[in-house]
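*Asks:* My questions will all concern the structure given below.
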Amino acid sequence: MDKDAIMRFFVQAADLTAVCTQNGWPDPDSLRVEILQQRAGELLCEVRFDEVVMEGSGCCAARVGCWGQYRVELDAAGRIARAEAVTGARA
């Protein structure tokens with residue numbers, strides 16, 4: 001599996017908010033993805049990123065380190081079909 005394709009998927013399509021803890025959003029520039037396991041048709045990936053938390057005024061109140069593990073299903077051609085968070089928490 002192409003590491004760049006995995007990064008693009010997590011930046012553009014994966015629901016990283018599933019492992020956010022403060023109702024913020026993931027900073028794509030801080031995203032790190034590591035493949036923990038690879039089996040036929042499936043990957044287990046660990047993600048780490050900073051969650052950006054805003055104040056009511058629109059200013060950045062905090063950056064919280066988050067992590068999670070995602071099960072990534074691959075189609076017959078080896079492309080990512082979907083990903084699902086299986087665990088996550090504050091880093």
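Residues in the structure tokens are named by chain (A, B, ... in the order shown) and by number from 1 within that chain; ligands are numbered from 1 in the order shown.
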For Phe10 in chain A, please output as a PDB file with N, CA and C atoms, in the first residue's frame all residues within 12 Å (counting only C-alpha atoms; exclusion window: fewer than 6 positions along the same chain).
*Replies:*
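What landed in around_22.pdb:
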```
ATOM      1  N   LYS A   3       2.139   4.712   0.850  1.00  0.00           N
ATOM      2  CA  LYS A   3       2.052   5.577   2.043  1.00  0.00           C
ATOM      3  C   LYS A   3       1.422   6.932   1.698  1.00  0.00           C
ATOM      4  N   ASP A   4       1.743   7.485   0.529  1.00  0.00           N
ATOM      5  CA  ASP A   4       1.165   8.774   0.134  1.00  0.00           C
ATOM      6  C   ASP A   4      -0.345   8.669  -0.058  1.00  0.00           C
ATOM      7  N   LEU A  16     -11.618  11.776  10.985  1.00  0.00           N
ATOM      8  CA  LEU A  16     -10.700  11.889  12.116  1.00  0.00           C
ATOM      9  C   LEU A  16     -11.375  12.497  13.342  1.00  0.00           C
ATOM     10  N   THR A  17     -12.488  13.187  13.149  1.00  0.00           N
ATOM     11  CA  THR A  17     -13.200  13.750  14.305  1.00  0.00           C
ATOM     12  C   THR A  17     -13.721  12.650  15.226  1.00  0.00           C
ATOM     13  N   PRO A  26      -9.304  18.169  13.452  1.00  0.00           N
ATOM     14  CA  PRO A  26      -7.918  17.744  13.265  1.00  0.00           C
ATOM     15  C   PRO A  26      -7.127  18.721  12.395  1.00  0.00           C
ATOM     16  N   ASP A  27      -5.903  18.976  12.787  1.00  0.00           N
ATOM     17  CA  ASP A  27      -4.990  19.784  11.984  1.00  0.00           C
ATOM     18  C   ASP A  27      -4.294  18.851  10.995  1.00  0.00           C
ATOM     19  N   PRO A  28      -4.604  18.952   9.693  1.00  0.00           N
ATOM     20  CA  PRO A  28      -4.019  18.020   8.727  1.00  0.00           C
ATOM     21  C   PRO A  28      -2.497  18.128   8.623  1.00  0.00           C
ATOM     22  N   ASP A  29      -1.931  19.288   8.959  1.00  0.00           N
ATOM     23  CA  ASP A  29      -0.476  19.452   8.877  1.00  0.00           C
ATOM     24  C   ASP A  29       0.255  18.667   9.962  1.00  0.00           C
ATOM     25  N   SER A  30      -0.452  18.319  11.042  1.00  0.00           N
ATOM     26  CA  SER A  30       0.187  17.584  12.136  1.00  0.00           C
ATOM     27  C   SER A  30      -0.048  16.072  12.036  1.00  0.00           C
ATOM     28  N   LEU A  31      -0.794  15.635  11.043  1.00  0.00           N
ATOM     29  CA  LEU A  31      -1.181  14.234  10.917  1.00  0.00           C
ATOM     30  C   LEU A  31       0.010  13.321  10.645  1.00  0.00           C
ATOM     31  N   ARG A  32       0.068  12.224  11.398  1.00  0.00           N
ATOM     32  CA  ARG A  32       1.055  11.163  11.195  1.00  0.00           C
ATOM     33  C   ARG A  32       0.303   9.841  11.154  1.00  0.00           C
ATOM     34  N   VAL A  33       0.610   9.001  10.168  1.00  0.00           N
ATOM     35  CA  VAL A  33      -0.060   7.710  10.009  1.00  0.00           C
ATOM     36  C   VAL A  33       0.996   6.618   9.952  1.00  0.00           C
ATOM     37  N   GLU A  34       0.764   5.554  10.721  1.00  0.00           N
ATOM     38  CA  GLU A  34       1.658   4.396  10.710  1.00  0.00           C
ATOM     39  C   GLU A  34       0.815   3.137  10.503  1.00  0.00           C
ATOM     40  N   CYS A  45      -4.215   0.923  11.016  1.00  0.00           N
ATOM     41  CA  CYS A  45      -3.365   2.108  11.018  1.00  0.00           C
ATOM     42  C   CYS A  45      -3.516   2.872  12.323  1.00  0.00           C
ATOM     43  N   GLU A  46      -2.407   3.420  12.785  1.00  0.00           N
ATOM     44  CA  GLU A  46      -2.445   4.325  13.927  1.00  0.00           C
ATOM     45  C   GLU A  46      -2.297   5.743  13.385  1.00  0.00           C
ATOM     46  N   VAL A  47      -3.129   6.657  13.877  1.00  0.00           N
ATOM     47  CA  VAL A  47      -3.033   8.054  13.475  1.00  0.00           C
ATOM     48  C   VAL A  47      -2.761   8.905  14.705  1.00  0.00           C
ATOM     49  N   ARG A  48      -2.001   9.948  14.515  1.00  0.00           N
ATOM     50  CA  ARG A  48      -1.724  10.944  15.554  1.00  0.00           C
ATOM     51  C   ARG A  48      -1.839  12.315  14.905  1.00  0.00           C
ATOM     52  N   PHE A  49      -2.446  13.243  15.628  1.00  0.00           N
ATOM     53  CA  PHE A  49      -2.601  14.597  15.105  1.00  0.00           C
ATOM     54  C   PHE A  49      -2.931  15.541  16.249  1.00  0.00           C
ATOM     55  N   GLY A  68      -5.496   7.603  17.401  1.00  0.00           N
ATOM     56  CA  GLY A  68      -6.531   6.603  17.208  1.00  0.00           C
ATOM     57  C   GLY A  68      -6.025   5.488  16.321  1.00  0.00           C
ATOM     58  N   GLN A  69      -6.759   4.402  16.323  1.00  0.00           N
ATOM     59  CA  GLN A  69      -6.480   3.298  15.421  1.00  0.00           C
ATOM     60  C   GLN A  69      -7.681   3.121  14.511  1.00  0.00           C
ATOM     61  N   TYR A  70      -7.398   2.914  13.237  1.00  0.00           N
ATOM     62  CA  TYR A  70      -8.435   2.753  12.220  1.00  0.00           C
ATOM     63  C   TYR A  70      -8.245   1.439  11.487  1.00  0.00           C
ATOM     64  N   ARG A  71      -9.351   0.736  11.290  1.00  0.00           N
ATOM     65  CA  ARG A  71      -9.349  -0.435  10.414  1.00  0.00           C
ATOM     66  C   ARG A  71      -9.671   0.086   9.018  1.00  0.00           C
ATOM     67  N   VAL A  72      -8.780  -0.165   8.083  1.00  0.00           N
ATOM     68  CA  VAL A  72      -8.908   0.329   6.717  1.00  0.00           C
ATOM     69  C   VAL A  72      -9.173  -0.858   5.804  1.00  0.00           C
ATOM     70  N   ILE A  80      -8.170   2.081  -1.049  1.00  0.00           N
ATOM     71  CA  ILE A  80      -8.924   2.200   0.194  1.00  0.00           C
ATOM     72  C   ILE A  80     -10.407   2.330  -0.124  1.00  0.00           C
ATOM     73  N   ARG A  82     -12.856   2.033   2.606  1.00  0.00           N
ATOM     74  CA  ARG A  82     -13.411   2.748   3.753  1.00  0.00           C
ATOM     75  C   ARG A  82     -12.511   2.555   4.954  1.00  0.00           C
ATOM     76  N   ALA A  83     -12.715   3.392   5.955  1.00  0.00           N
ATOM     77  CA  ALA A  83     -11.959   3.285   7.204  1.00  0.00           C
ATOM     78  C   ALA A  83     -12.901   3.537   8.364  1.00  0.00           C
ATOM     79  N   GLU A  84     -12.630   2.863   9.458  1.00  0.00           N
ATOM     80  CA  GLU A  84     -13.461   2.987  10.646  1.00  0.00           C
ATOM     81  C   GLU A  84     -12.561   3.081  11.871  1.00  0.00           C
ATOM     82  N   ALA A  85     -12.847   4.048  12.733  1.00  0.00           N
ATOM     83  CA  ALA A  85     -12.095   4.175  13.983  1.00  0.00           C
ATOM     84  C   ALA A  85     -12.449   2.998  14.881  1.00  0.00           C
TER      85      ALA A  85
END
```
*Asks:* Kindly indicate which residue among A:Cys20, A:Met7, A:Ala14, A:Leu36 lies nearest to Arg63 in chain A, using only C-alpha atoms for the distances.
*Replies:*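 Checking each candidate against Arg63 in chain A, we get A:Cys20 as the closest.
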*Asks:* Got a sec to tell me which of chain A DSSP assigns to alpha helix (DSSP H), as an MDAnalysis selection string?
*Replies:* chainID A and resid 3:12
*Asks:* Skip range 52-56 of chain A itself and residues of its chain fewer than 4 positions away, then list as JSON, numbers by chain all residues within 8 Å of it, counting only C-alpha atoms.
*Replies:* {"A": [22, 23, 24, 25, 26, 27, 60, 61, 62, 63, 64]}
*Asks:* From the DSSP assignment of the backbone, select every residue of chain A that is strand (DSSP E or B), and format the answer as a PyMOL selection string.
*Replies:* chain A and resi 25-26+32-39+42-54+60-74+80-90
